[in-house]
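All remarks here apply to the structure that follows.
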Amino acid sequence: MAGKTLSEKIIEKHCGKVVSAGETVIVNVDLSYVQDGTGPLTVRRMKEMGIEVAYNPKKTIFFLDHASPSPRMELSNDHEFMRDFARKSGIILSDVGNGISHHNSLEKYACPSDVIVGADSHTCTNGALGAFGTGMGSTDVAAAIALGKTWMRVPETYLVEVNGRLPKGVYSKDIILHLIGTIGSNGATYKALEFTGDTINDMSTAGRSTIANMSVEAGAKAGLFSPDDETRNFLKAMGREEAFRELKSDEDAVFEKKIQIKADELEPLIAVPHLVDNVKKISEIGKVKVNEVFIGTSCNGRLEDLHIAASIMKGHTINPDTRVIVTPASRRVYIEALKDGTIETFMEAGALVTGAGCGACDGVHLGILGDGEVCLATQPRNFKGRMGDPDSFIYLGNPAVAAATALAGEISDPREVM
Amino acid sequence: MGKAWKFGDSISTDVIAPGRYFHLRSNLPELAKHVLEPARPEFASEVKKGDFVVAGDNFGLGSSREHAPIIIKIAGAKAVLAKSFARIFYRNCINIGLPAITCNTDKIDEGYEIELDMEKGVVRNKTKGMELEFPHLPPVMNRILQEGGLVAYIKAHKSLEI
Ligand code: SF4
């Protein structure tokens with residue numbers, strides 16, 4: 001019998017039988033979570049189902065991260081609705097200020113080999129630890145919370161092998177932008193992506209989480225990395241080394257496709273409005289003046305990202321025509337960036353630093369774009385109207401591009417200032 | 001019979017249910033007044049009950065917000081027809097009981113009066129003599145849709161053994 005992929009192995013463990021890609025199975029769910037944009041509906045769905053208790057409340061989390069703290073009365077009421085349900089049912093509440101669901105999950109809750117469902121499309125970020133994380137809607141997650149199970153089709157896997165050293169100014173963001181630009185925003189719909197190769201072996205968990213996070217931008221159901229020594233060290237640093245489990249695809253696993261990426265040939269890339277697969281080399285962008293630079297999100301809001309940006313901004317002042325907003329991904333990231341002077345560097349350069357959360361990413365608050373405004377953001381999406389006015393423009397780039405752009409006031413190649 | 005409202009490729013959930021109306025997510029009828037607004041501002045006010053949203057590839061890409069298919073349904077659309085769908089959106093459609101039909105929508109022009117035969121798996125426009133076949137749903141999804149969506153399914157069975 002042919003070997004199994006990482007996804008097949010994880011799913012097998014959770015449905016108690018041998019499976020292959022293409023089968024539909026019921027799986028046990030280890031961890032379920034929702035956020036404040038999807039959570040109120042999830043609670044209503046549970047009430048409609050007539051199951052108002054969580055199957056495993058200690059493995060169910062309500063994150064208040066999208067509108068955090070609430071900028072509007074309606075959202076304050078949504079938050080109260082979620083807090084109240086969490087209190088009554090023993091569900092863990094991650095309140096405003098703790099930051100983005102996916103990063104809190106990596107830091108505190110997700111374990112390698114877990115099946116994780118979240119009512120947020122970027123739940124695939126958990127793949128950075130070798131968990132099968134996937135995003136679903138409020139009703140599906142309501143069912144998972146209530147029953148501890150979900151149904152899924154076992155995905156075929158595309159193996160993405162990345163080799164070579166990343167050049168100066170080029171980061172994991174550029175690897176995933178390159179892949180999305182190549183295969184398109186529906187290039188991996190229904191599939192799992194699995195990342196391997198020496199570039200990946202040498203990459204931090206933070207770097208991997210950027211790639212896992214954006215896997216959904218190619219349509220993928222999950223984006224996974226085999227848990228390795230780096231994963232063990234990350235978990236140890238988070239004080240939960242015991243969560244580590246080893247697992248990898250068999251040598252003779254069946255991959256539907258294999259994709260090779262030469263990291264040493266990449267340059268900083270930009271996704272131009274209004275689709276994530278509109279990927280161009282920074283050298284092809286030309287002069288684009290920018291009103292706002294936004295550094296943060298579930299894609300690039302970790303300490304490592306803030307360090308990259310701060311190292312370029314240190315001792316300089318941002319362009320007077322550009323506002324620069326920095327939003328740490330989690331409370332932990334914020335505290336560490338405070339302690340090591342990173343926050344101070346941003347503040348001295350003229351940037352605004354907000355509390356941890358999703359911030360400006362989805363147009364709710366903390367940096368909404370106006371008519372005709374242009375933003376360079378480190379976030380995973382640039383869809384029309386996402387950050388506010390439907391006639392605004394979002395360009396996506398890595399944290400070094402964001403910092404170079406903050407100083408110049410127009411989209412700039414970081415290699416010239418590093 | 002209903003009228004076809006045509007949309008292009010890659011219509012994201014940010015276009016279907018814009019983030020700037022995030023605060024209306026617990027007020028779905030209000031949110032529905034802004035459905036697909038950035039693509040066709042007139043859609044929400046002019047769409048008639050039983051009309052169809054007809055789009056190109058990768059409809060519904062982006063976020064997991066189930067509010068997107070819900071407000072298409074509340075606005076009155078009977079189904080969404082597209083060449084292909086993004087995964088989460090597709091699953092959400094079935095869960096909330098909005099048929100998501102995969103077919104060659106190039107054959108359907110703006111304003112076509114079309115009818116949907118779920119049993120036979122065809123979309124028709126009688127005056128133009130057009131008949132488009134579409135594949136049946138995977139069995140699990142078919143059961144969920146037939147029982148009126150996932151909430152109704154779980155309410156009835158208290159389990160997921162589909
Ligand atoms: S940071 Fe942006 S992409 Fe990430 S979870 Fe929050 S809203 Fe979604």
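Ordering of the structure tokens sets the chain letters (A, B, ...); residue numbers start at 1 within each chain; ligands are numbered from 1 in the order shown.
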Next on the checklist: What does the list of residues within 6 Å of ligand 1 look like if you count only C-alpha atoms and all ligand atoms, written as a list in words?
Outcome noted: His66, His122, Thr297, Ser298, Cys358, Cys361, Asp362 and Pro380 of chain A
Would you save the residues from that selection as a PDB file, in the first residue's frame, using all heavy atoms?
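Heads up, here's the output in out.pdb:
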```pdb
ATOM      1  N   HIS A  66     -11.011  40.956  16.231  1.00  0.00           N
ATOM      2  CA  HIS A  66     -11.205  41.753  15.013  1.00  0.00           C
ATOM      3  C   HIS A  66     -11.587  43.202  15.305  1.00  0.00           C
ATOM      4  O   HIS A  66     -11.131  44.109  14.626  1.00  0.00           O
ATOM      5  CB  HIS A  66     -12.295  41.114  14.131  1.00  0.00           C
ATOM      6  CG  HIS A  66     -11.786  40.013  13.275  1.00  0.00           C
ATOM      7  ND1 HIS A  66     -11.120  38.917  13.781  1.00  0.00           N
ATOM      8  CD2 HIS A  66     -11.816  39.830  11.931  1.00  0.00           C
ATOM      9  CE1 HIS A  66     -10.779  38.113  12.787  1.00  0.00           C
ATOM     10  NE2 HIS A  66     -11.190  38.647  11.655  1.00  0.00           N
ATOM     11  N   HIS A 122      -8.211  31.999   8.065  1.00  0.00           N
ATOM     12  CA  HIS A 122      -6.765  31.832   8.273  1.00  0.00           C
ATOM     13  C   HIS A 122      -6.408  30.841   9.375  1.00  0.00           C
ATOM     14  O   HIS A 122      -5.260  30.809   9.838  1.00  0.00           O
ATOM     15  CB  HIS A 122      -6.103  33.192   8.492  1.00  0.00           C
ATOM     16  CG  HIS A 122      -6.109  34.026   7.249  1.00  0.00           C
ATOM     17  ND1 HIS A 122      -6.942  35.109   7.078  1.00  0.00           N
ATOM     18  CD2 HIS A 122      -5.430  33.886   6.083  1.00  0.00           C
ATOM     19  CE1 HIS A 122      -6.757  35.615   5.861  1.00  0.00           C
ATOM     20  NE2 HIS A 122      -5.853  34.886   5.235  1.00  0.00           N
ATOM     21  N   THR A 297      -0.873  41.935  11.582  1.00  0.00           N
ATOM     22  CA  THR A 297      -1.810  40.883  11.157  1.00  0.00           C
ATOM     23  C   THR A 297      -1.340  39.456  11.425  1.00  0.00           C
ATOM     24  O   THR A 297      -0.204  39.203  11.783  1.00  0.00           O
ATOM     25  CB  THR A 297      -2.219  40.952   9.645  1.00  0.00           C
ATOM     26  OG1 THR A 297      -1.176  40.423   8.845  1.00  0.00           O
ATOM     27  CG2 THR A 297      -2.583  42.349   9.223  1.00  0.00           C
ATOM     28  N   SER A 298      -2.285  38.540  11.176  1.00  0.00           N
ATOM     29  CA  SER A 298      -2.018  37.113  11.367  1.00  0.00           C
ATOM     30  C   SER A 298      -0.950  36.629  10.407  1.00  0.00           C
ATOM     31  O   SER A 298      -0.389  35.554  10.566  1.00  0.00           O
ATOM     32  CB  SER A 298      -3.305  36.316  11.152  1.00  0.00           C
ATOM     33  OG  SER A 298      -3.856  36.586   9.879  1.00  0.00           O
ATOM     34  N   CYS A 358      -6.312  42.354  15.182  1.00  0.00           N
ATOM     35  CA  CYS A 358      -6.282  42.378  13.715  1.00  0.00           C
ATOM     36  C   CYS A 358      -6.071  43.791  13.192  1.00  0.00           C
ATOM     37  O   CYS A 358      -5.589  43.984  12.081  1.00  0.00           O
ATOM     38  CB  CYS A 358      -7.587  41.837  13.155  1.00  0.00           C
ATOM     39  SG  CYS A 358      -7.872  40.111  13.571  1.00  0.00           S
ATOM     40  N   CYS A 361      -6.636  45.544   9.313  1.00  0.00           N
ATOM     41  CA  CYS A 361      -6.657  44.553   8.228  1.00  0.00           C
ATOM     42  C   CYS A 361      -7.986  44.418   7.505  1.00  0.00           C
ATOM     43  O   CYS A 361      -8.016  44.319   6.286  1.00  0.00           O
ATOM     44  CB  CYS A 361      -6.225  43.203   8.779  1.00  0.00           C
ATOM     45  SG  CYS A 361      -6.199  41.881   7.575  1.00  0.00           S
ATOM     46  N   ASP A 362      -9.098  44.391   8.258  1.00  0.00           N
ATOM     47  CA  ASP A 362     -10.351  44.141   7.544  1.00  0.00           C
ATOM     48  C   ASP A 362     -11.337  45.300   7.612  1.00  0.00           C
ATOM     49  O   ASP A 362     -12.542  45.122   7.491  1.00  0.00           O
ATOM     50  CB  ASP A 362     -10.991  42.821   7.978  1.00  0.00           C
ATOM     51  CG  ASP A 362     -11.413  42.852   9.425  1.00  0.00           C
ATOM     52  OD1 ASP A 362     -10.962  43.760  10.143  1.00  0.00           O
ATOM     53  OD2 ASP A 362     -12.190  41.977   9.839  1.00  0.00           O
ATOM     54  N   PRO A 380      -2.556  39.515   4.712  1.00  0.00           N
ATOM     55  CA  PRO A 380      -2.659  38.505   3.661  1.00  0.00           C
ATOM     56  C   PRO A 380      -3.615  38.843   2.521  1.00  0.00           C
ATOM     57  O   PRO A 380      -3.644  38.097   1.542  1.00  0.00           O
ATOM     58  CB  PRO A 380      -3.149  37.268   4.413  1.00  0.00           C
ATOM     59  CG  PRO A 380      -3.861  37.788   5.611  1.00  0.00           C
ATOM     60  CD  PRO A 380      -3.231  39.095   5.960  1.00  0.00           C
TER      61      PRO A 380
END
```
Checklist entry - Using only C-alpha atoms, which chain B residues lie at most 9 Å away from chain A, written as a PyMOL selection string? => result chain B and resi 10-15+18-26+37-38+57-58+61-67+84-89+91-92+95-96+140+150-156+158-162
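Near A:Lys108, within 8 Å and counting only C-alpha atoms, sit Asn104, Met238 and Arg240 of chain A, not including residues fewer than 4 positions from it in the same chain.
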Next on the checklist: So that I can check the surroundings of A:Leu269, please list as a ChimeraX atom specification every protein, DNA and RNA residue that reaches within 6 Å of it, counting only C-alpha atoms and ignoring chain neighbours fewer than 5 positions away.
Outcome noted: /A:174,280-282
Just to be explicit: take each residue in the selection above, keep all heavy atoms, and write the result as a PDB file, in the first residue's frame.
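See selection_22.pdb below for the written result:
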```pdb
ATOM      1  N   ASP A 174       7.545  36.373   0.678  1.00  0.00           N
ATOM      2  CA  ASP A 174       7.797  36.378  -0.766  1.00  0.00           C
ATOM      3  C   ASP A 174       7.685  34.965  -1.350  1.00  0.00           C
ATOM      4  O   ASP A 174       7.311  34.806  -2.507  1.00  0.00           O
ATOM      5  CB  ASP A 174       9.165  36.999  -1.036  1.00  0.00           C
ATOM      6  CG  ASP A 174       9.233  38.413  -0.485  1.00  0.00           C
ATOM      7  OD1 ASP A 174       8.472  39.267  -0.978  1.00  0.00           O
ATOM      8  OD2 ASP A 174       9.992  38.654   0.475  1.00  0.00           O
ATOM      9  N   LYS A 280       3.632  40.923  -8.463  1.00  0.00           N
ATOM     10  CA  LYS A 280       4.678  41.510  -9.309  1.00  0.00           C
ATOM     11  C   LYS A 280       5.972  41.628  -8.514  1.00  0.00           C
ATOM     12  O   LYS A 280       5.950  41.726  -7.285  1.00  0.00           O
ATOM     13  CB  LYS A 280       4.256  42.919  -9.745  1.00  0.00           C
ATOM     14  CG  LYS A 280       3.064  42.955 -10.688  1.00  0.00           C
ATOM     15  CD  LYS A 280       3.105  44.234 -11.531  1.00  0.00           C
ATOM     16  CE  LYS A 280       2.251  44.139 -12.763  1.00  0.00           C
ATOM     17  NZ  LYS A 280       0.824  44.010 -12.502  1.00  0.00           N
ATOM     18  N   LYS A 281       7.085  41.653  -9.254  1.00  0.00           N
ATOM     19  CA  LYS A 281       8.364  41.924  -8.588  1.00  0.00           C
ATOM     20  C   LYS A 281       8.384  43.392  -8.202  1.00  0.00           C
ATOM     21  O   LYS A 281       7.850  44.234  -8.947  1.00  0.00           O
ATOM     22  CB  LYS A 281       9.519  41.653  -9.548  1.00  0.00           C
ATOM     23  CG  LYS A 281       9.671  40.187  -9.877  1.00  0.00           C
ATOM     24  CD  LYS A 281      10.792  40.006 -10.867  1.00  0.00           C
ATOM     25  CE  LYS A 281      10.908  38.522 -11.178  1.00  0.00           C
ATOM     26  NZ  LYS A 281      11.704  38.268 -12.378  1.00  0.00           N
ATOM     27  N   ILE A 282       9.054  43.708  -7.110  1.00  0.00           N
ATOM     28  CA  ILE A 282       9.052  45.110  -6.668  1.00  0.00           C
ATOM     29  C   ILE A 282       9.686  46.010  -7.725  1.00  0.00           C
ATOM     30  O   ILE A 282       9.299  47.166  -7.889  1.00  0.00           O
ATOM     31  CB  ILE A 282       9.709  45.263  -5.277  1.00  0.00           C
ATOM     32  CG1 ILE A 282       9.304  46.611  -4.676  1.00  0.00           C
ATOM     33  CG2 ILE A 282      11.209  45.072  -5.323  1.00  0.00           C
ATOM     34  CD1 ILE A 282       9.427  46.709  -3.203  1.00  0.00           C
TER      35      ILE A 282
END
```
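Residue neighbourhood of B:Thr105, excluding near-sequence residues (fewer than 3 positions): Lys6, Val54, Ala55, Gly56, Leu81, Ala82, Lys83, Thr102, Ile108, Asp109 and Leu132 of chain B, at 9 Å, using only C-alpha atoms.
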Keeping only all heavy atoms, write those residues as a PDB file, in the first residue's frame.
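As a result, result-v4.pdb now contains:
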```pdb
ATOM      1  N   LYS B   6     -25.281  39.170 -13.581  1.00  0.00           N
ATOM      2  CA  LYS B   6     -23.930  38.676 -13.858  1.00  0.00           C
ATOM      3  C   LYS B   6     -22.843  39.416 -13.078  1.00  0.00           C
ATOM      4  O   LYS B   6     -22.870  40.642 -12.932  1.00  0.00           O
ATOM      5  CB  LYS B   6     -23.628  38.818 -15.364  1.00  0.00           C
ATOM      6  CG  LYS B   6     -24.374  37.831 -16.229  1.00  0.00           C
ATOM      7  CD  LYS B   6     -23.702  36.471 -16.423  1.00  0.00           C
ATOM      8  CE  LYS B   6     -22.390  36.429 -17.116  1.00  0.00           C
ATOM      9  NZ  LYS B   6     -22.059  35.219 -17.846  1.00  0.00           N
ATOM     10  N   VAL B  54     -25.071  35.100 -10.883  1.00  0.00           N
ATOM     11  CA  VAL B  54     -24.349  34.287 -11.868  1.00  0.00           C
ATOM     12  C   VAL B  54     -22.948  34.870 -12.029  1.00  0.00           C
ATOM     13  O   VAL B  54     -22.792  36.038 -12.385  1.00  0.00           O
ATOM     14  CB  VAL B  54     -25.096  34.294 -13.220  1.00  0.00           C
ATOM     15  CG1 VAL B  54     -24.347  33.457 -14.248  1.00  0.00           C
ATOM     16  CG2 VAL B  54     -26.528  33.774 -13.053  1.00  0.00           C
ATOM     17  N   ALA B  55     -21.936  34.074 -11.718  1.00  0.00           N
ATOM     18  CA  ALA B  55     -20.571  34.617 -11.694  1.00  0.00           C
ATOM     19  C   ALA B  55     -19.584  33.708 -12.406  1.00  0.00           C
ATOM     20  O   ALA B  55     -19.940  32.623 -12.876  1.00  0.00           O
ATOM     21  CB  ALA B  55     -20.156  34.841 -10.246  1.00  0.00           C
ATOM     22  N   GLY B  56     -18.335  34.169 -12.444  1.00  0.00           N
ATOM     23  CA  GLY B  56     -17.277  33.414 -13.117  1.00  0.00           C
ATOM     24  C   GLY B  56     -16.579  32.443 -12.177  1.00  0.00           C
ATOM     25  O   GLY B  56     -17.222  31.710 -11.432  1.00  0.00           O
ATOM     26  N   LEU B  81     -24.871  30.683  -9.197  1.00  0.00           N
ATOM     27  CA  LEU B  81     -24.299  29.854 -10.253  1.00  0.00           C
ATOM     28  C   LEU B  81     -22.919  30.411 -10.572  1.00  0.00           C
ATOM     29  O   LEU B  81     -22.778  31.627 -10.780  1.00  0.00           O
ATOM     30  CB  LEU B  81     -25.167  29.927 -11.519  1.00  0.00           C
ATOM     31  CG  LEU B  81     -26.467  29.107 -11.589  1.00  0.00           C
ATOM     32  CD1 LEU B  81     -27.417  29.432 -10.467  1.00  0.00           C
ATOM     33  CD2 LEU B  81     -27.153  29.320 -12.932  1.00  0.00           C
ATOM     34  N   ALA B  82     -21.911  29.549 -10.594  1.00  0.00           N
ATOM     35  CA  ALA B  82     -20.570  30.044 -10.929  1.00  0.00           C
ATOM     36  C   ALA B  82     -19.784  28.936 -11.605  1.00  0.00           C
ATOM     37  O   ALA B  82     -20.151  27.763 -11.520  1.00  0.00           O
ATOM     38  CB  ALA B  82     -19.852  30.518  -9.667  1.00  0.00           C
ATOM     39  N   LYS B  83     -18.709  29.349 -12.282  1.00  0.00           N
ATOM     40  CA  LYS B  83     -17.852  28.337 -12.914  1.00  0.00           C
ATOM     41  C   LYS B  83     -17.129  27.529 -11.846  1.00  0.00           C
ATOM     42  O   LYS B  83     -16.897  26.342 -11.997  1.00  0.00           O
ATOM     43  CB  LYS B  83     -16.841  29.023 -13.833  1.00  0.00           C
ATOM     44  CG  LYS B  83     -17.459  29.462 -15.141  1.00  0.00           C
ATOM     45  CD  LYS B  83     -16.352  29.804 -16.133  1.00  0.00           C
ATOM     46  CE  LYS B  83     -16.661  31.104 -16.807  1.00  0.00           C
ATOM     47  NZ  LYS B  83     -15.529  31.671 -17.522  1.00  0.00           N
ATOM     48  N   THR B 102     -22.382  24.668  -9.833  1.00  0.00           N
ATOM     49  CA  THR B 102     -21.188  24.815 -10.657  1.00  0.00           C
ATOM     50  C   THR B 102     -21.538  24.489 -12.111  1.00  0.00           C
ATOM     51  O   THR B 102     -21.920  23.360 -12.423  1.00  0.00           O
ATOM     52  CB  THR B 102     -20.084  23.852 -10.174  1.00  0.00           C
ATOM     53  OG1 THR B 102     -19.977  23.961  -8.755  1.00  0.00           O
ATOM     54  CG2 THR B 102     -18.756  24.168 -10.811  1.00  0.00           C
ATOM     55  N   ILE B 108     -24.653  31.992 -19.946  1.00  0.00           N
ATOM     56  CA  ILE B 108     -25.784  32.756 -19.397  1.00  0.00           C
ATOM     57  C   ILE B 108     -25.460  34.246 -19.480  1.00  0.00           C
ATOM     58  O   ILE B 108     -24.464  34.689 -18.922  1.00  0.00           O
ATOM     59  CB  ILE B 108     -26.045  32.372 -17.921  1.00  0.00           C
ATOM     60  CG1 ILE B 108     -26.212  30.849 -17.792  1.00  0.00           C
ATOM     61  CG2 ILE B 108     -27.261  33.113 -17.372  1.00  0.00           C
ATOM     62  CD1 ILE B 108     -26.284  30.361 -16.358  1.00  0.00           C
ATOM     63  N   ASP B 109     -26.296  34.994 -20.173  1.00  0.00           N
ATOM     64  CA  ASP B 109     -26.061  36.434 -20.290  1.00  0.00           C
ATOM     65  C   ASP B 109     -26.823  37.198 -19.208  1.00  0.00           C
ATOM     66  O   ASP B 109     -27.810  36.702 -18.666  1.00  0.00           O
ATOM     67  CB  ASP B 109     -26.528  36.948 -21.655  1.00  0.00           C
ATOM     68  CG  ASP B 109     -25.591  36.524 -22.775  1.00  0.00           C
ATOM     69  OD1 ASP B 109     -24.472  36.065 -22.450  1.00  0.00           O
ATOM     70  OD2 ASP B 109     -25.985  36.622 -23.950  1.00  0.00           O
ATOM     71  N   LEU B 132     -28.232  23.860 -19.526  1.00  0.00           N
ATOM     72  CA  LEU B 132     -26.889  23.582 -19.009  1.00  0.00           C
ATOM     73  C   LEU B 132     -26.972  22.533 -17.924  1.00  0.00           C
ATOM     74  O   LEU B 132     -27.740  22.677 -16.979  1.00  0.00           O
ATOM     75  CB  LEU B 132     -26.321  24.835 -18.344  1.00  0.00           C
ATOM     76  CG  LEU B 132     -25.704  25.943 -19.181  1.00  0.00           C
ATOM     77  CD1 LEU B 132     -25.292  27.078 -18.257  1.00  0.00           C
ATOM     78  CD2 LEU B 132     -24.494  25.407 -19.920  1.00  0.00           C
TER      79      LEU B 132
END
```
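Candidate residues A:Thr378, A:Ser94, A:Thr405, A:Asn126 were compared for distance to A:Ser172, and the nearest is A:Thr378, using only C-alpha atoms.
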Next on the checklist: Could you go through stretch 8-195 of chain A and tell me which residues DSSP, when run on the backbone, assigns to strand (DSSP E or B), listing them as a ChimeraX atom specification?
Outcome noted: /A:24-28,31-35,60-63,92-94,99,115-119,132-135,149-153,157-163,192-195
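Across the model, the gap from atom CA of A:Lys289 to atom CA of A:Val374 is 7.3 Å.
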Item to check | Per-residue DSSP, stretch 33-63 of chain B, filtered to alpha helix (DSSP H), as a ChimeraX atom specification | outcome: /B:43-46
Could you write out that same residue set with N, CA, C and O atoms as a PDB file, in the first residue's frame?
```
ATOM      1  N   PHE B  43     -27.590  46.274  -6.995  1.00  0.00           N
ATOM      2  CA  PHE B  43     -28.083  44.898  -6.844  1.00  0.00           C
ATOM      3  C   PHE B  43     -29.037  44.724  -5.659  1.00  0.00           C
ATOM      4  O   PHE B  43     -30.165  44.240  -5.820  1.00  0.00           O
ATOM      5  N   ALA B  44     -28.600  45.165  -4.486  1.00  0.00           N
ATOM      6  CA  ALA B  44     -29.380  44.900  -3.270  1.00  0.00           C
ATOM      7  C   ALA B  44     -30.800  45.469  -3.352  1.00  0.00           C
ATOM      8  O   ALA B  44     -31.753  44.835  -2.890  1.00  0.00           O
ATOM      9  N   SER B  45     -30.947  46.641  -3.951  1.00  0.00           N
ATOM     10  CA  SER B  45     -32.286  47.241  -3.976  1.00  0.00           C
ATOM     11  C   SER B  45     -33.133  46.748  -5.151  1.00  0.00           C
ATOM     12  O   SER B  45     -34.352  46.789  -5.093  1.00  0.00           O
ATOM     13  N   GLU B  46     -32.487  46.273  -6.210  1.00  0.00           N
ATOM     14  CA  GLU B  46     -33.264  45.908  -7.406  1.00  0.00           C
ATOM     15  C   GLU B  46     -33.500  44.411  -7.588  1.00  0.00           C
ATOM     16  O   GLU B  46     -34.366  44.009  -8.362  1.00  0.00           O
TER      17      GLU B  46
END
```
Item to check | Contacts of A:Asn300 within 10 Å, only C-alpha atoms, excl. fewer than 5 positions in-chain, as a PyMOL selection string | outcome: chain A and resi 172-173+206-207+209-211+213+295+305-306+327-329+377-380+397-399
Next, dump the selected residues to file, keeping only N, CA, C and O atoms, as an mmCIF file, in the first residue's frame.
```cif
data_model
loop_
_atom_site.group_PDB
_atom_site.id
_atom_site.type_symbol
_atom_site.label_atom_id
_atom_site.label_comp_id
_atom_site.auth_asym_id
_atom_site.auth_seq_id
_atom_site.Cartn_x
_atom_site.Cartn_y
_atom_site.Cartn_z
ATOM 1 N N SER A 172 9.823 34.887 4.047
ATOM 2 C CA SER A 172 8.840 33.826 3.777
ATOM 3 C C SER A 172 7.610 34.385 3.060
ATOM 4 O O SER A 172 6.988 33.693 2.262
ATOM 5 N N LYS A 173 7.254 35.631 3.319
ATOM 6 C CA LYS A 173 6.118 36.264 2.631
ATOM 7 C C LYS A 173 6.295 36.199 1.116
ATOM 8 O O LYS A 173 5.337 35.989 0.369
ATOM 9 N N ALA A 206 7.822 31.401 13.115
ATOM 10 C CA ALA A 206 7.177 32.647 12.676
ATOM 11 C C ALA A 206 7.151 32.722 11.156
ATOM 12 O O ALA A 206 6.111 33.005 10.543
ATOM 13 N N GLY A 207 8.282 32.453 10.527
ATOM 14 C CA GLY A 207 8.361 32.471 9.061
ATOM 15 C C GLY A 207 7.405 31.454 8.455
ATOM 16 O O GLY A 207 6.704 31.739 7.474
ATOM 17 N N SER A 209 4.703 30.388 9.765
ATOM 18 C CA SER A 209 3.293 30.752 9.989
ATOM 19 C C SER A 209 2.792 31.725 8.921
ATOM 20 O O SER A 209 1.613 31.730 8.585
ATOM 21 N N THR A 210 3.694 32.542 8.374
ATOM 22 C CA THR A 210 3.299 33.445 7.277
ATOM 23 C C THR A 210 2.860 32.628 6.062
ATOM 24 O O THR A 210 1.855 32.924 5.417
ATOM 25 N N ILE A 211 3.622 31.576 5.782
ATOM 26 C CA ILE A 211 3.318 30.720 4.624
ATOM 27 C C ILE A 211 2.038 29.926 4.869
ATOM 28 O O ILE A 211 1.144 29.860 4.011
ATOM 29 N N ASN A 213 -0.367 30.666 6.860
ATOM 30 C CA ASN A 213 -1.455 31.645 6.888
ATOM 31 C C ASN A 213 -1.993 31.930 5.499
ATOM 32 O O ASN A 213 -3.205 31.926 5.254
ATOM 33 N N ILE A 295 1.680 47.592 9.404
ATOM 34 C CA ILE A 295 2.535 46.447 9.744
ATOM 35 C C ILE A 295 1.856 45.658 10.854
ATOM 36 O O ILE A 295 1.600 46.192 11.933
ATOM 37 N N ASP A 305 8.804 39.807 12.556
ATOM 38 C CA ASP A 305 8.402 40.783 11.538
ATOM 39 C C ASP A 305 8.650 42.202 12.023
ATOM 40 O O ASP A 305 9.108 43.064 11.270
ATOM 41 N N LEU A 306 8.319 42.435 13.302
ATOM 42 C CA LEU A 306 8.518 43.780 13.858
ATOM 43 C C LEU A 306 10.012 44.098 13.891
ATOM 44 O O LEU A 306 10.423 45.232 13.613
ATOM 45 N N THR A 327 0.673 47.108 14.469
ATOM 46 C CA THR A 327 -0.247 46.390 15.350
ATOM 47 C C THR A 327 0.319 45.000 15.652
ATOM 48 O O THR A 327 0.310 44.133 14.779
ATOM 49 N N PRO A 328 0.847 44.806 16.864
ATOM 50 C CA PRO A 328 1.412 43.486 17.189
ATOM 51 C C PRO A 328 0.334 42.402 17.131
ATOM 52 O O PRO A 328 -0.830 42.658 17.434
ATOM 53 N N ALA A 329 0.751 41.191 16.757
ATOM 54 C CA ALA A 329 -0.218 40.104 16.577
ATOM 55 C C ALA A 329 -0.792 39.614 17.902
ATOM 56 O O ALA A 329 -1.944 39.203 17.960
ATOM 57 N N ALA A 377 0.469 47.113 2.959
ATOM 58 C CA ALA A 377 0.211 46.371 4.191
ATOM 59 C C ALA A 377 0.924 45.029 4.178
ATOM 60 O O ALA A 377 1.172 44.446 3.115
ATOM 61 N N THR A 378 1.234 44.540 5.368
ATOM 62 C CA THR A 378 1.866 43.214 5.463
ATOM 63 C C THR A 378 0.810 42.118 5.623
ATOM 64 O O THR A 378 1.129 40.970 5.851
ATOM 65 N N GLN A 379 -0.452 42.479 5.500
ATOM 66 C CA GLN A 379 -1.531 41.515 5.723
ATOM 67 C C GLN A 379 -1.664 40.515 4.563
ATOM 68 O O GLN A 379 -0.993 40.648 3.547
ATOM 69 N N PRO A 380 -2.556 39.515 4.712
ATOM 70 C CA PRO A 380 -2.659 38.505 3.661
ATOM 71 C C PRO A 380 -3.615 38.843 2.521
ATOM 72 O O PRO A 380 -3.644 38.097 1.542
ATOM 73 N N GLY A 397 3.027 43.436 0.897
ATOM 74 C CA GLY A 397 4.461 43.170 0.808
ATOM 75 C C GLY A 397 4.999 42.666 2.128
ATOM 76 O O GLY A 397 4.265 42.582 3.122
ATOM 77 N N ASN A 398 6.281 42.339 2.167
ATOM 78 C CA ASN A 398 6.906 41.827 3.390
ATOM 79 C C ASN A 398 7.219 42.987 4.348
ATOM 80 O O ASN A 398 7.139 44.154 3.965
ATOM 81 N N PRO A 399 7.586 42.698 5.586
ATOM 82 C CA PRO A 399 7.803 43.767 6.573
ATOM 83 C C PRO A 399 8.956 44.715 6.210
ATOM 84 O O PRO A 399 8.925 45.895 6.584
#
```
Item to check | Residue contacts of A:Glu251 (10 Å, only C-alpha atoms) excluding same-chain residues fewer than 2 positions away, as a count of residues only | outcome: 8
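Put simply, atom CA of A:Arg208 is 11.3 Å away from atom CA of A:Cys124.
Of the listed residues A:Val290, A:Ile308, A:Leu224, A:Val34, the one whose atoms come nearest to A:Ile91 is A:Val34, with distances taken using only C-alpha atoms.
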Checklist entry - Just how far from atom CA of A:Ser7 is atom CA of A:Pro155, in Å to one decimal? => result 7.4 Å
